[in-house]
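Undergrad: So that we are looking at the same thing, I have put the structure below in structure tokens.
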Number of protein chains: 2
Amino acid sequence: MTDSQKIQALQDEANRLRVHCIRMTTKAGSGHPTTCLSAAEIVACLFFEVMRYDPKDPHGPMNDRFILSKGHAAPLLYAALADAGSFPAEHLMTLRTLESDLEGHPTPRFPWAYVGTGTLGQGLSFAAGMALCWKYLDEVDRKAYVLLGDGETAEGAVWESAALAAHYQLDNLVAVIDVNRLGQSQATMYGHDTDVYARKLEAFGWRTTVVDGHDCAALLNAFEAAQAPDGKPVAIVARTIKGKGVPLAEDKNGFHGKAFSQEEADRAIEDMAAPSEPPAFKIKMPAEAAPPQGASEAEVGAPSYAPGDMVATRQSYGSGLAKLGSADPSIVSLDGDVKNSTFSQVFAKAHPSRFFECFIAEQNMVGMAMGLATCGRVPFVSSFGAFLTRACDQIRMAGVSRANVKFCGSHAGVSIGEDGASQMALEDLSIFRAIPGSVVLYPCDAVSAERLVVEAARHSGVAYIRTSRPKTPVIYANEEPFPIGGLKVLRQSETDRICLAGAGVTVHESLKAYEMLKEEGINVRVIDLYSVKPLAERELVENASAAGSRILVAEDHYPEGGIGEAVAAALSGKDITVYQAAVTSVPGSDKGAVLMDAYGLSAERLAERIRKILAEED
Amino acid sequence: MTDSQKIQALQDEANRLRVHCIRMTTKAGSGHPTTCLSAAEIVACLFFEVMRYDPKDPHGPMNDRFILSKGHAAPLLYAALADAGSFPAEHLMTLRTLESDLEGHPTPRFPWAYVGTGTLGQGLSFAAGMALCWKYLDEVDRKAYVLLGDGETAEGAVWESAALAAHYQLDNLVAVIDVNRLGQSQATMYGHDTDVYARKLEAFGWRTTVVDGHDCAALLNAFEAAQAPDGKPVAIVARTIKGKGVPLAEDKNGFHGKAFSQEEADRAIEDMAAPSEPPAFKIKMPAEAAPPQGASEAEVGAPSYAPGDMVATRQSYGSGLAKLGSADPSIVSLDGDVKNSTFSQVFAKAHPSRFFECFIAEQNMVGMAMGLATCGRVPFVSSFGAFLTRACDQIRMAGVSRANVKFCGSHAGVSIGEDGASQMALEDLSIFRAIPGSVVLYPCDAVSAERLVVEAARHSGVAYIRTSRPKTPVIYANEEPFPIGGLKVLRQSETDRICLAGAGVTVHESLKAYEMLKEEGINVRVIDLYSVKPLAERELVENASAAGSRILVAEDHYPEGGIGEAVAAALSGKDITVYQAAVTSVPGSDKGAVLMDAYGLSAERLAERIRKILAEED
């Protein structure tokens, strides 16, 4: 093909993609065709001229990748891959049906999606994570292309990624902003003022070009200029028309989430006059990949603590992660400027090339971790548990994406002491429990913390490890195993009148309460619920049944969605009464021990509570 | 005072503030003195020369206000107000103790804080909400000053606010960025490059100045220039030294969250040579306020629907809110470019001056609502429930701040249909339940939706209303009351074998399941749990006990932290078995009815589940 033939072929292909998108959404009776129409030339240029990839292999080890941040344009992504030969075009007509991988917004059920998008403003982080992996870890020449809507650049997460991508000089990252002027309910803040997007990105350290997004020649020039790395990520700001090609909808409000009627669709498709077959493109195949490095089979060394050693679980998280990193080169660590508090700094020191400082920008940190995970890395993301709530939507999408990402939230609960409520994680268990397929782990000592780091890495999917600020004594032997879904019975007798279940810091308070009550002749069964999700249901029932059919669950967390509710739901119908000791109001500031007492979690208060429960039942 | 005397007095006062901060944190044995030291001149200039406020009245109706976004500098805020005469300086020494309002990070227990800060990057939104209120609603000349740390500008939320503040031309908003170069664990991304901050903010539409943050004359000039409104918010980028005035810590890593030892403190204070009394400042008093407008006592009209009318609860949320707005001028509405889906557009049309489009930037939207609430407005924030997770940390802080903010999350659960998992709220109940003092409301028809909007407004604190996408029939009479903490028994008999509790869309499936089972001779008691928090515990126990001591809770939500777990925890020990029907995996895309069936929530599946439960127990 000559250059002008190529341009014409791309323009034709853009119209074919438009036809596909209109047909698919009209068939489904719902969807967002007009946002597909604005980006048709951009996607045609990327998939049929710019990107190097094997259309038969979404996970090709040297493929360039495309991330659709504006996930509501999903039909456009599906259509491009059908025309590229990844699957038969007929399959497009299964859009938005339960048995199909072509969902309303992309998820990794469709393998070319890699991650779920559709909650806006996240795609740039995902792509930045991939670009980071390829530039710094794999050291290969692969590019990550990401398509953003203009409206979604109002999301702060976009600017977190923009800053970090420039900081890490990700010149293998190319963002295209589809400036079609219209959001869902009205015009965006900047309308068609493309310059303001360019100015903002330049101020954030990016190289930018403004183009007509319906001009394939201009787009190809811009992509061509993006190929030469110069230490800066590249943004192509493309002026487009929403609904382009369908005059009744072009540049008009009121057509955002609306499929065309059959009649409108037929008319539009006829006018489009798209070719009946995709033009004969030669998609650029990627370079051959180097043979994959053999995964290390090295064993992670056992913990080496002595009983009674005073070590905070956040410290042993750090040392455990560093040891795991020595055995397994796929482990990477990300932190948001609290590495000296979460102790991910131990990993950073041991494996500096696999540690990424993400600064105070938790949303992008989680998004980048999801991107890294799609490249075969096992990222451990750490911050204060309270600050992980900042990335709640990204964590939710890690669930939707079945992402293999591990989280560590430190500084759980009131036991952190004086810093006050804003710094205390008191809802983190609830957030991480509500991720389908997640595991939630809560060590109480250094041995269990190290062991659970390894368990989290072995679990496929989202895992959360909750660590505590204060130092606590080592209570387990170094060889003790901590399987996911287990529990530990720490104290028991034939005459236990109640079961007292703790996790993390409350295990130690429970052990002290046991001693107090024992002196009074009250025997209590003490349990460590280190596996919050999944719970060891059968063992819980057995132990609570054997201990007066009562269980008091003590947790440094709000009651809602926490361990107590999980236990109550699991034990319902088993003739066991579940009592909860949890933080029920917004805590104030004071030493951790003062707060544990004030909110009913100290040994004294737990013993008092048990005396009261037993007295009421007598 | 001459100008040069004034400058010297402010410089002296800055050192007095430093001394207070060192003393307070050393006494407490914890805290962040060095971040106070960098901002001492900024705060001295603001509180003793620039701001117009009554030091005896934190809620003075014409006061300028100061928001400490970098909340870890709390001692500096407390010290300034002590020296301004708001309270005795001795009180400063109660810092970080449970009985004191001087917490480790500010919360509104300290009335000059207005909102809680300390999870970084939120203060600009709070201040923007206040500025918005004063400029557009109150139309008064008040200014909002906000102090940000440099590190926290990595947070995307800051850029959401920056864009919105420029969009709304908030020239009564002045931000000072304390560029002290050092974060908690290392240098920030930009170190002392003050120009990059200025460039970024200018690109976002701000007026900016770069100054030496330890030079009171330069600071006063910058603040002076900020007084003349020109349609742009103002940023003062101040180059400072972390630990300024204490040589052992100046500009050094490793002193972030660390109080000085007594010896270090004594030495530093001696060297500081601060005056023993505050200089004789004359704090500028604000203008007198216009007499407050009498709150309208107008009654909100009753709903006017006919039984069987098909109306989505999201629609009646919109009409209910518009009616409430007519009766109560304090009601304002904010939406993130989904007003045509949440139906807040009905309010926007009826009360355009009290509606604020916040674009696709949910974090700033929630933060601005918190700011509006501190000015006596009652903000209703609406978005898809799924997208409110984006603001989870701000919602958490609304709880810490006891903010009087109302939230409406639309498009709950799989019943939304084809758009797929990213658009479905399936963890929103869990997030809002875990806010101390919150109420969580979930209407199933148009009447209850309108009524619950009014109930939410009457509740003091965080309220959440969950609405649904599909149209559902009106089942309640227009005069039916829906008190917070209640439930409705919709079907009952003397021979009920199980209680079936739904909320929202599952109420209607439950009613259909009732009919199916009735034909088979199985009587079921059907309950509408419209008040998810607080639950009507007593009535739940009575009804479940009278219906076979079994209850099946059906909810379009993940099981964790949802209604089923809440019920299980509330009913533990009451000899009632709680069963849950909920969404237990990541849903796919298809019509709402198909998904309700696939995830066990359709009438057919609920009836099937009940048959199975009863068969197992027989």
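Going through the structure tokens in order, the chains are called A, B, and so on, while each chain numbers its residues from 1 and the ligands are numbered from 1 in the order shown.
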Could you write out, as a CSV table (one decimal) with C-alpha atoms, in the first residue's frame, all the residues of stretch 92-279 of chain A that DSSP marks as alpha helix (DSSP H)?
TA:
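In the end it all went to out17.csv:
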chain,number,residue,atom,x,y,z
A,123,GLY,CA,-6.8,3.1,32.8
A,124,LEU,CA,-3.8,5.4,32.8
A,125,SER,CA,-2.5,3.8,36.1
A,126,PHE,CA,-3.0,0.3,34.6
A,127,ALA,CA,-1.0,1.2,31.5
A,128,ALA,CA,1.7,2.9,33.6
A,129,GLY,CA,2.1,-0.2,35.7
A,130,MET,CA,2.7,-2.2,32.5
A,131,ALA,CA,5.1,0.4,31.1
A,132,LEU,CA,7.0,0.4,34.4
A,156,GLY,CA,-7.8,12.9,40.3
A,157,ALA,CA,-6.5,9.4,39.7
A,158,VAL,CA,-5.6,10.5,36.2
A,159,TRP,CA,-3.3,13.2,37.6
A,160,GLU,CA,-1.7,10.8,40.1
A,161,SER,CA,-0.7,8.6,37.2
A,162,ALA,CA,0.3,11.5,35.1
A,163,ALA,CA,2.7,12.7,37.8
A,164,LEU,CA,4.1,9.3,38.5
A,165,ALA,CA,4.5,8.3,34.8
A,166,ALA,CA,6.6,11.5,34.3
A,167,HIS,CA,8.6,10.8,37.5
A,194,THR,CA,-7.9,20.9,23.4
A,195,ASP,CA,-5.1,23.2,24.5
A,196,VAL,CA,-6.0,23.1,28.1
A,197,TYR,CA,-5.5,19.4,28.2
A,198,ALA,CA,-2.1,19.8,26.5
A,199,ARG,CA,-1.1,22.6,28.9
A,200,LYS,CA,-2.0,20.5,32.0
A,201,LEU,CA,-0.1,17.4,30.8
A,202,GLU,CA,2.9,19.5,29.8
A,203,ALA,CA,3.0,21.0,33.3
A,216,CYS,CA,-5.8,9.3,10.2
A,217,ALA,CA,-2.8,11.0,8.6
A,218,ALA,CA,-2.5,13.4,11.5
A,219,LEU,CA,-2.9,10.6,14.0
A,220,LEU,CA,-0.2,8.4,12.3
A,221,ASN,CA,2.2,11.4,12.4
A,222,ALA,CA,1.5,11.9,16.1
A,223,PHE,CA,2.0,8.2,16.8
A,224,GLU,CA,5.2,8.1,14.7
A,225,ALA,CA,6.6,11.0,16.8
A,262,GLN,CA,-33.1,-0.5,14.4
A,263,GLU,CA,-34.3,2.0,11.9
A,264,GLU,CA,-31.8,4.7,13.0
A,265,ALA,CA,-29.1,2.0,12.9
A,266,ASP,CA,-30.0,0.8,9.4
A,267,ARG,CA,-30.0,4.3,8.0
A,268,ALA,CA,-26.7,5.2,9.7
A,269,ILE,CA,-25.0,2.0,8.4
A,270,GLU,CA,-26.2,2.6,4.9
A,271,ASP,CA,-24.9,6.2,4.9
A,272,MET,CA,-21.6,5.0,6.3
Undergrad: Can you list, as a list in words, every residue of stretch 60-142 of chain B that DSSP puts in strand (DSSP E or B)?
TA: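 Here are the strand (DSSP E or B) residues of stretch 60-142 of chain B: Arg65, Phe66, Ile67 and Leu68 of chain B.
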Undergrad: Would you list the contacts of B:Phe347 as an MDAnalysis selection string, taking every protein, DNA or RNA residue within 10 Å and counting only C-alpha atoms, but skipping same-chain residues closer than 4 positions in sequence?
TA: chainID B and resid 317:326 331:334 339 343 351:352 354:355
Undergrad: Can you work out which one of A:Met424, A:Val505, A:Leu571, A:Ala434 has the shortest atom-to-atom distance to chain B, counting only C-alpha atoms?
TA: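 Among the listed residues, the smallest separation from chain B belongs to A:Ala434.
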Undergrad: When distances are computed from only C-alpha atoms, which of A:His20, A:Gly104, A:Gly149, A:Ile551 shows the smallest separation from A:Gly257?
TA: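 When distances to A:Gly257 are compared using only C-alpha atoms, the smallest one comes from A:Gly104.
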Undergrad: Using only C-alpha atoms, which residues sit within 8 Å of A:Tyr599 once same-chain residues fewer than 5 positions away are excluded, as a list of chain:residue names?
TA: A:Ala582, A:Val583, A:Thr584, A:Pro587
Undergrad: So that I can check the surroundings of stretch 226-241 of chain A, please list as a ChimeraX atom specification every protein, DNA and RNA residue that reaches within 8 Å of it, counting only C-alpha atoms and ignoring chain neighbours fewer than 6 positions away.
TA: /A:38-39,165-166,169-181,192,194,197-198,201,205-214,250-251
Undergrad: If you count only C-alpha atoms, which residues fall within 9 Å of B:Ile67, apart from same-chain ones fewer than 4 positions away, as a list of chain:residue names?
TA: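 The filter keeps B:Gly71, B:Trp112, B:Ala113, B:Tyr114, B:Val115, B:Thr117, B:Gly123, B:Leu124, B:Phe126, B:Ala127, B:Ala144, B:Tyr145, B:Val146, B:Leu147, B:Leu148.
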Undergrad: Dump C-alpha atoms for the selected residues as a PDB file, in the first residue's frame?
TA:
ATOM      1  CA  GLY B  71      -3.416  17.811  59.357  1.00  0.00           C
ATOM      2  CA  TRP B 112     -11.844  25.615  64.634  1.00  0.00           C
ATOM      3  CA  ALA B 113     -11.097  22.493  62.591  1.00  0.00           C
ATOM      4  CA  TYR B 114     -14.598  22.405  60.998  1.00  0.00           C
ATOM      5  CA  VAL B 115     -13.740  19.064  59.371  1.00  0.00           C
ATOM      6  CA  THR B 117      -7.987  16.377  58.220  1.00  0.00           C
ATOM      7  CA  GLY B 123      -8.459  20.065  52.636  1.00  0.00           C
ATOM      8  CA  LEU B 124      -8.649  21.902  49.330  1.00  0.00           C
ATOM      9  CA  PHE B 126     -13.355  21.295  52.043  1.00  0.00           C
ATOM     10  CA  ALA B 127     -12.227  24.888  51.586  1.00  0.00           C
ATOM     11  CA  ALA B 144     -11.251  30.367  52.732  1.00  0.00           C
ATOM     12  CA  TYR B 145      -7.520  29.854  53.338  1.00  0.00           C
ATOM     13  CA  VAL B 146      -6.116  26.370  53.140  1.00  0.00           C
ATOM     14  CA  LEU B 147      -2.612  25.155  53.957  1.00  0.00           C
ATOM     15  CA  LEU B 148      -1.360  22.156  51.972  1.00  0.00           C
TER      16      LEU B 148
END
Undergrad: Residues at most 12 Å from B:Ser330, counting only C-alpha atoms, excluding those fewer than 6 positions away in the same chain, as a short mmCIF file (atom, residue, chain, number, x, y, z; two decimals) with C-alpha atoms, in the first residue's frame?
TA:
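Okay, this is what ended up in selection36.cif:
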data_model
loop_
_atom_site.label_atom_id
_atom_site.label_comp_id
_atom_site.auth_asym_id
_atom_site.auth_seq_id
_atom_site.Cartn_x
_atom_site.Cartn_y
_atom_site.Cartn_z
CA CYS B 133 -21.19 28.54 49.54
CA LEU B 137 -25.29 30.88 47.99
CA ASP B 138 -24.62 33.39 50.77
CA GLN B 293 -32.71 34.19 57.32
CA GLY B 294 -35.44 32.36 59.18
CA ALA B 295 -35.45 28.72 58.27
CA SER B 296 -38.51 27.86 56.30
CA GLU B 297 -41.03 25.82 58.20
CA LEU B 321 -35.40 15.92 46.64
CA LEU B 324 -37.75 18.90 49.87
CA HIS B 351 -33.51 24.87 42.07
CA SER B 353 -28.88 28.01 41.99
CA ARG B 354 -28.57 25.26 44.60
CA PHE B 355 -27.34 22.55 42.25
CA LEU B 372 -20.91 23.19 52.40
CA ALA B 373 -22.23 21.32 55.43
CA THR B 374 -19.95 23.34 57.74
CA CYS B 375 -21.75 26.45 56.44
CA GLY B 376 -25.18 25.24 57.48
CA ARG B 377 -26.22 23.74 54.16
CA VAL B 378 -27.61 20.21 53.87
CA PRO B 379 -25.89 18.72 50.82
CA PHE B 380 -27.24 15.69 48.99
CA ASN B 404 -24.14 16.45 58.04
CA VAL B 405 -23.91 15.12 54.47
CA ALA B 457 -32.46 15.24 55.76
CA ARG B 458 -33.85 15.19 59.30
#
Undergrad: Go through A:Gln580, A:Asn478, A:Ser410, A:Ser383 and flag the residue nearest A:Pro307, using only C-alpha atoms for the distances.
TA: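 The shortest atom-to-atom distance to A:Pro307 comes from A:Asn478.
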Undergrad: In Å, with one decimal, what is the gap from atom CA of A:Arg18 to atom CA of A:Ala40?
TA: 6.5 Å
Undergrad: Which of these, A:Gly60, A:Gly183, A:Gly31, A:Pro275, has the shortest distance to A:Leu10 once you count only C-alpha atoms?
TA: A:Pro275
Undergrad: Hey, can you check how far atom CA of A:Lys70 sits from atom CA of A:Thr119?
TA: 8.2 Å
